[in-house]
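For reference, protein_23.cif is printed below; it contains mmCIF, C-alpha atoms.
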```cif
data_target
loop_
_atom_site.label_atom_id
_atom_site.label_comp_id
_atom_site.auth_asym_id
_atom_site.auth_seq_id
_atom_site.Cartn_x
_atom_site.Cartn_y
_atom_site.Cartn_z
CA MET U 1492 -45.60 -68.58 -69.47
CA SER U 1493 -45.30 -68.77 -73.26
CA GLY U 1494 -46.53 -65.60 -74.94
CA GLY U 1495 -46.68 -63.72 -71.64
CA VAL U 1496 -49.64 -62.84 -69.48
CA ASP U 1497 -52.05 -60.35 -71.03
CA LEU U 1498 -53.98 -59.86 -67.81
CA ARG U 1499 -53.24 -60.66 -64.19
CA LEU U 1500 -55.86 -59.45 -61.78
CA ARG U 1501 -56.38 -60.05 -58.08
CA ILE U 1502 -59.92 -59.49 -56.86
CA PRO U 1503 -61.67 -60.05 -53.55
CA ALA U 1504 -64.06 -62.98 -53.36
CA SER U 1505 -67.02 -60.67 -53.57
CA ALA U 1506 -69.88 -60.48 -56.04
CA VAL U 1507 -69.41 -56.74 -56.47
CA ALA U 1508 -65.83 -57.29 -57.68
CA LEU U 1509 -67.01 -59.28 -60.69
CA LYS U 1510 -68.14 -56.35 -62.79
CA GLY U 1511 -64.69 -54.78 -62.96
CA MET U 1512 -63.13 -58.18 -63.61
CA ARG U 1513 -65.46 -58.69 -66.57
CA ARG U 1514 -64.39 -55.38 -68.11
CA GLU U 1515 -60.73 -56.39 -67.88
CA VAL U 1516 -61.25 -59.90 -69.27
CA GLU U 1517 -63.33 -58.53 -72.14
CA ARG U 1518 -60.56 -56.08 -72.99
CA ALA U 1519 -57.95 -58.85 -72.94
CA ALA U 1520 -60.12 -61.19 -75.05
CA LEU U 1521 -60.72 -58.51 -77.67
CA ALA U 1522 -57.01 -57.66 -77.74
CA ALA U 1523 -56.29 -61.37 -78.26
CA GLY U 1524 -58.37 -61.34 -81.44
CA CYS U 1525 -61.77 -62.53 -80.23
CA ASP U 1526 -64.72 -60.93 -81.97
CA GLU U 1527 -67.27 -59.24 -79.73
CA GLN U 1528 -69.52 -62.29 -79.52
CA LEU U 1529 -66.70 -64.63 -78.55
CA ALA U 1530 -65.28 -62.10 -76.10
CA ALA U 1531 -68.70 -61.88 -74.42
CA ARG U 1532 -68.80 -65.66 -74.11
CA VAL U 1533 -65.29 -65.88 -72.72
CA VAL U 1534 -66.26 -63.22 -70.17
CA LEU U 1535 -69.29 -65.31 -69.18
CA ALA U 1536 -67.13 -68.43 -68.74
CA VAL U 1537 -64.56 -66.65 -66.58
CA ASN U 1538 -67.33 -64.98 -64.58
CA GLU U 1539 -68.93 -68.38 -63.92
CA ALA U 1540 -65.60 -69.82 -62.79
CA CYS U 1541 -65.17 -66.91 -60.37
CA MET U 1542 -68.74 -67.28 -59.15
CA ASN U 1543 -68.12 -70.96 -58.37
CA VAL U 1544 -65.16 -69.96 -56.22
CA ILE U 1545 -67.08 -67.19 -54.42
CA GLN U 1546 -70.16 -69.30 -53.77
CA HIS U 1547 -68.73 -72.76 -53.20
CA GLY U 1548 -64.99 -72.35 -52.58
CA TYR U 1549 -65.08 -69.43 -50.17
CA ARG U 1550 -68.77 -69.93 -49.29
CA ARG U 1551 -69.33 -66.19 -49.78
CA GLU U 1552 -66.61 -65.28 -47.27
CA PRO U 1553 -65.36 -62.02 -48.86
CA SER U 1554 -61.93 -62.08 -47.21
CA GLY U 1555 -60.82 -64.64 -49.80
CA GLU U 1556 -59.05 -63.64 -52.99
CA LEU U 1557 -59.06 -64.78 -56.60
CA LEU U 1558 -56.31 -64.50 -59.17
CA VAL U 1559 -57.57 -64.15 -62.74
CA GLU U 1560 -55.10 -64.51 -65.60
CA VAL U 1561 -55.62 -64.26 -69.35
CA ARG U 1562 -52.91 -65.00 -71.87
CA HIS U 1563 -52.83 -65.82 -75.53
CA ALA U 1564 -50.21 -67.47 -77.68
CA GLY U 1565 -50.27 -69.45 -80.89
CA GLY U 1566 -53.95 -68.80 -81.50
CA LEU U 1567 -54.93 -70.13 -78.09
CA LEU U 1568 -56.59 -68.02 -75.42
CA THR U 1569 -56.04 -69.32 -71.90
CA CYS U 1570 -58.00 -68.05 -68.91
CA ARG U 1571 -57.02 -69.21 -65.44
CA VAL U 1572 -58.69 -68.61 -62.10
CA GLU U 1573 -56.89 -69.50 -58.88
CA ASP U 1574 -58.13 -69.39 -55.32
CA SER U 1575 -56.78 -70.19 -51.89
CA ALA U 1576 -59.92 -71.93 -50.67
CA LYS U 1577 -60.01 -75.45 -49.27
CA PRO U 1578 -59.30 -78.18 -51.83
CA ALA U 1579 -62.42 -78.53 -53.98
CA ASP U 1580 -64.21 -81.76 -54.83
CA PHE U 1581 -64.14 -81.48 -58.61
CA GLU U 1582 -66.40 -84.53 -59.01
CA SER U 1583 -69.25 -82.33 -57.82
CA PHE U 1584 -68.63 -79.85 -60.66
CA ALA U 1585 -70.25 -81.97 -63.38
CA PRO U 1586 -72.79 -79.97 -65.40
CA ARG U 1587 -76.37 -81.00 -64.84
CA PRO U 1588 -78.55 -82.35 -67.65
CA LEU U 1589 -80.23 -79.40 -69.31
CA ASP U 1590 -83.60 -81.12 -69.45
CA GLU U 1591 -83.73 -80.76 -65.66
CA ILE U 1592 -85.32 -77.33 -65.45
CA ARG U 1593 -84.11 -76.01 -62.10
CA PRO U 1594 -82.43 -72.83 -60.93
CA GLY U 1595 -78.82 -73.93 -60.26
CA GLY U 1596 -76.01 -75.81 -61.93
CA LEU U 1597 -75.70 -73.88 -65.16
CA GLY U 1598 -72.28 -72.36 -64.54
CA THR U 1599 -70.21 -75.44 -65.36
CA HIS U 1600 -72.42 -76.08 -68.37
CA PHE U 1601 -71.68 -72.57 -69.67
CA ILE U 1602 -67.95 -73.08 -69.20
CA ALA U 1603 -67.99 -76.46 -70.96
CA GLU U 1604 -70.12 -75.11 -73.79
CA ILE U 1605 -68.05 -71.99 -74.40
CA MET U 1606 -64.48 -73.18 -73.94
CA ASP U 1607 -62.68 -75.90 -75.90
CA GLU U 1608 -60.96 -77.31 -72.85
CA CYS U 1609 -61.32 -76.90 -69.12
CA VAL U 1610 -58.98 -78.35 -66.51
CA TYR U 1611 -59.62 -78.22 -62.77
CA GLY U 1612 -56.86 -78.90 -60.27
CA HIS U 1613 -55.42 -78.33 -56.84
CA LEU U 1614 -52.48 -75.98 -56.32
CA SER U 1615 -49.41 -77.65 -54.88
CA GLY U 1616 -49.05 -77.79 -51.12
CA GLY U 1617 -52.78 -77.50 -50.54
CA ARG U 1618 -52.61 -73.77 -51.36
CA GLY U 1619 -55.94 -73.76 -53.18
CA ASN U 1620 -57.49 -74.64 -56.51
CA PHE U 1621 -57.33 -73.60 -60.12
CA VAL U 1622 -59.42 -73.84 -63.23
CA GLU U 1623 -57.74 -73.32 -66.58
CA MET U 1624 -59.95 -72.78 -69.62
CA ARG U 1625 -58.69 -72.70 -73.18
CA LYS U 1626 -60.27 -71.48 -76.38
CA LYS U 1627 -58.93 -71.42 -79.92
CA VAL U 1628 -58.96 -67.91 -81.33
CA THR U 1629 -59.03 -67.82 -85.11
CA MET D 688 -80.66 -47.29 -60.84
CA PRO D 689 -78.46 -47.61 -57.75
CA GLU D 690 -76.94 -51.08 -57.51
CA SER D 691 -78.62 -51.70 -54.17
CA GLY D 692 -82.05 -50.43 -55.23
CA PRO D 693 -85.01 -52.54 -56.24
CA TYR D 694 -85.89 -53.35 -59.80
CA GLU D 695 -88.92 -51.50 -61.10
CA VAL D 696 -92.20 -53.40 -61.15
CA ARG D 697 -95.12 -51.91 -63.06
CA GLU D 698 -98.76 -52.83 -62.80
CA MET D 699 -100.24 -53.04 -66.29
CA GLY D 700 -103.85 -54.14 -66.19
CA ASP D 701 -103.86 -57.63 -64.68
CA TYR D 702 -100.12 -57.97 -65.13
CA ARG D 703 -97.05 -57.27 -63.07
CA VAL D 704 -94.17 -56.31 -65.33
CA VAL D 705 -90.70 -56.71 -63.83
CA LEU D 706 -88.15 -54.52 -65.59
CA LEU D 707 -84.64 -55.91 -65.25
CA GLU D 708 -81.78 -53.79 -66.46
CA GLY D 709 -78.04 -53.50 -66.68
CA GLU D 710 -75.82 -56.37 -65.59
CA VAL D 711 -77.88 -59.02 -63.80
CA ASP D 712 -75.07 -60.82 -62.03
CA LEU D 713 -74.37 -62.38 -58.67
CA SER D 714 -74.52 -59.00 -56.93
CA CYS D 715 -77.94 -58.13 -58.41
CA SER D 716 -79.68 -61.46 -58.99
CA PRO D 717 -81.06 -61.70 -55.41
CA ARG D 718 -82.96 -58.45 -56.13
CA ALA D 719 -84.16 -59.79 -59.46
CA ARG D 720 -85.33 -62.97 -57.75
CA LYS D 721 -87.16 -60.96 -55.07
CA ALA D 722 -88.87 -58.72 -57.62
CA ILE D 723 -90.05 -61.73 -59.62
CA LEU D 724 -91.19 -63.84 -56.67
CA ASP D 725 -92.87 -60.89 -54.90
CA SER D 726 -94.75 -60.14 -58.12
CA LEU D 727 -95.94 -63.74 -58.38
CA GLU D 728 -96.90 -63.62 -54.72
CA SER D 729 -99.54 -61.04 -55.68
CA GLY D 730 -101.30 -63.76 -57.65
CA CYS D 731 -100.91 -61.88 -60.93
CA PRO D 732 -99.42 -63.13 -64.18
CA VAL D 733 -95.88 -61.82 -64.54
CA LEU D 734 -93.95 -60.59 -67.54
CA VAL D 735 -90.22 -59.96 -67.19
CA ASP D 736 -88.89 -57.29 -69.52
CA LEU D 737 -85.25 -57.93 -70.45
CA GLN D 738 -84.87 -55.17 -73.03
CA ALA D 739 -82.34 -53.21 -70.98
CA VAL D 740 -80.30 -56.19 -69.78
CA SER D 741 -76.73 -55.88 -71.03
CA TYR D 742 -75.41 -58.96 -69.26
CA ILE D 743 -76.87 -61.91 -67.37
CA ASP D 744 -75.05 -64.77 -65.70
CA SER D 745 -76.20 -68.14 -64.38
CA SER D 746 -77.42 -66.57 -61.13
CA GLY D 747 -79.65 -64.18 -63.07
CA VAL D 748 -80.91 -67.02 -65.24
CA ALA D 749 -81.61 -69.00 -62.06
CA SER D 750 -83.90 -66.18 -60.88
CA LEU D 751 -85.88 -66.50 -64.11
CA VAL D 752 -86.06 -70.28 -63.79
CA GLU D 753 -87.30 -69.97 -60.21
CA GLY D 754 -89.97 -67.55 -61.37
CA PHE D 755 -90.96 -69.96 -64.13
CA GLN D 756 -91.26 -72.85 -61.68
CA THR D 757 -93.14 -70.83 -59.07
CA ALA D 758 -95.61 -69.56 -61.66
CA ARG D 759 -96.20 -73.05 -62.97
CA LYS D 760 -96.92 -74.37 -59.47
CA ARG D 761 -99.43 -71.58 -58.91
CA GLY D 762 -101.02 -71.82 -62.32
CA LEU D 763 -99.91 -68.30 -63.22
CA ARG D 764 -98.62 -67.07 -66.53
CA PHE D 765 -94.92 -66.20 -66.63
CA ALA D 766 -93.26 -64.90 -69.76
CA LEU D 767 -90.17 -63.02 -70.89
CA VAL D 768 -90.56 -60.06 -73.22
CA ALA D 769 -88.25 -57.89 -75.32
CA VAL D 770 -85.26 -60.08 -74.53
CA SER D 771 -82.03 -58.24 -75.36
CA GLU D 772 -79.48 -59.91 -77.60
CA PRO D 773 -76.95 -60.48 -74.78
CA ALA D 774 -79.63 -62.07 -72.59
CA MET D 775 -81.02 -64.19 -75.43
CA SER D 776 -77.53 -65.47 -76.19
CA VAL D 777 -77.21 -66.77 -72.63
CA LEU D 778 -80.73 -68.25 -72.60
CA LYS D 779 -79.87 -70.12 -75.81
CA LEU D 780 -76.67 -71.39 -74.27
CA ALA D 781 -78.79 -72.88 -71.47
CA ARG D 782 -81.39 -74.13 -74.02
CA LEU D 783 -83.94 -72.15 -72.03
CA ASP D 784 -85.14 -70.25 -75.08
CA GLN D 785 -87.11 -73.45 -75.75
CA VAL D 786 -88.54 -73.54 -72.24
CA PHE D 787 -89.64 -69.98 -71.45
CA GLU D 788 -92.58 -68.29 -73.11
CA ILE D 789 -90.85 -65.44 -74.94
CA HIS D 790 -92.37 -62.51 -76.85
CA PRO D 791 -90.61 -59.87 -78.94
CA SER D 792 -92.21 -56.96 -77.07
CA LEU D 793 -94.19 -56.15 -73.95
CA GLN D 794 -97.23 -55.30 -76.06
CA GLU D 795 -97.10 -58.65 -77.84
CA GLY D 796 -96.63 -60.43 -74.52
CA ILE D 797 -99.78 -58.84 -73.18
CA ALA D 798 -101.74 -59.28 -76.40
CA SER D 799 -100.95 -62.99 -76.64
CA SER D 800 -102.66 -63.84 -73.35
#
```
Represent the supplied structure as structure tokens.
Amino acid sequence: MSGGVDLRLRIPASAVALKGMRREVERAALAAGCDEQLAARVVLAVNEACMNVIQHGYRREPSGELLVEVRHAGGLLTCRVEDSAKPADFESFAPRPLDEIRPGGLGTHFIAEIMDECVYGHLSGGRGNFVEMRKKVT
Amino acid sequence: MPESGPYEVREMGDYRVVLLEGEVDLSCSPRARKAILDSLESGCPVLVDLQAVSYIDSSGVASLVEGFQTARKRGLRFALVAVSEPAMSVLKLARLDQVFEIHPSLQEGIASS
């Protein structure tokens, strides 16, 4: 991995594990040169990606695990979340139109709004899924 | 406040004021949702005070949207007051700052009724 991994964190697929994850991602984003506002937004995007896995990938089954990685190189911050849940249907991840005022569906909108690029994919051998989010850091 | 405890709800005249605080995330948003919906269940107008919210994610925002929709169905007033900067940033990201009734302070929220 070019530039090395600034953060590699394994957390259980549990809502209570998110708080500690956010602290670590914030620290890595600030160390990568994000200002406080951008770091807060990156934290929100990574949190939403993890929430999607917990709620939809593992269907709130806490025995699952997530791998969260943050790295930066060449002015690019890359945040990656991997899971070992069943292969996801990424077509269903499209953000909803914001003029539909309803409770759900904001997470993918937040990710798309905050990050410059977001790639979803399946891990080889049916081992799970990943989302890789990239943001230019000036 | 213990993480498993309820959010504080104050009765202020005709109003129920729900005081959210700390990090309103996936682990806490069910309690936020319950506090808001239970308050609306009383038939009172509801103000949600976000002054002490340091973080809110899409699940917390969803609790606010559900409160907004429930209040509208019942013809009750529902407004956000004293929205912290971190919470306002997320509401703006969702364009919900243009949807919710928002007041700078609890006093102004009550006075504007």
**Study point:** Ground truth for the PyMOL selection byres ((chain D) within 12 of (chain U)), written as a PyMOL selection string
**Key:** chain D and resi 690-691+709-717+720+741-757+759+772-774+776-787
Review point. Neighbours of range 1571-1583 of chain U within 9 Å (only C-alpha atoms; same-chain residues fewer than 3 positions away dropped), as a ChimeraX atom specification?
Key: /U:1504,1537,1540-1541,1544,1547-1549,1555-1562,1586,1611-1614,1617-1625
Any chance you could work out the axis-aligned box around range 1496-1507 of chain U, listed atoms only, 3 Å on each side, giving centre and edge lengths in Å to one decimal, as lines of an AutoDock Vina configuration file?
```
center_x = -59.8
center_y = -59.9
center_z = -62.2
size_x = 26.2
size_y = 12.2
size_z = 23.7
```
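The interatomic distance for the pair CA of Val1516 in chain U and CA of Phe1584 in chain U works out to 22.9 Å.
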Exercise for review: Please write as a list of chain:residue names the full residue list that the PyMOL selection byres ((chain D and resi 725-729) around 8) yields on this file.
Suggested key: D:Val696, D:Arg703, D:Val705, D:Lys721, D:Ala722, D:Ile723, D:Leu724, D:Gly730, D:Cys731, D:Pro732, D:Val733, D:Gly754, D:Thr757, D:Ala758, D:Leu763
Review point. Just so the selection is clear, what residues does the PyMOL selection byres ((chain U and resi 1520) around 9) cover here, as JSON, numbers by chain?
Key: {"U": [1515, 1516, 1517, 1518, 1519, 1521, 1522, 1523, 1524, 1525, 1526, 1527, 1529, 1530, 1531, 1533, 1534, 1561, 1562, 1563, 1568]}
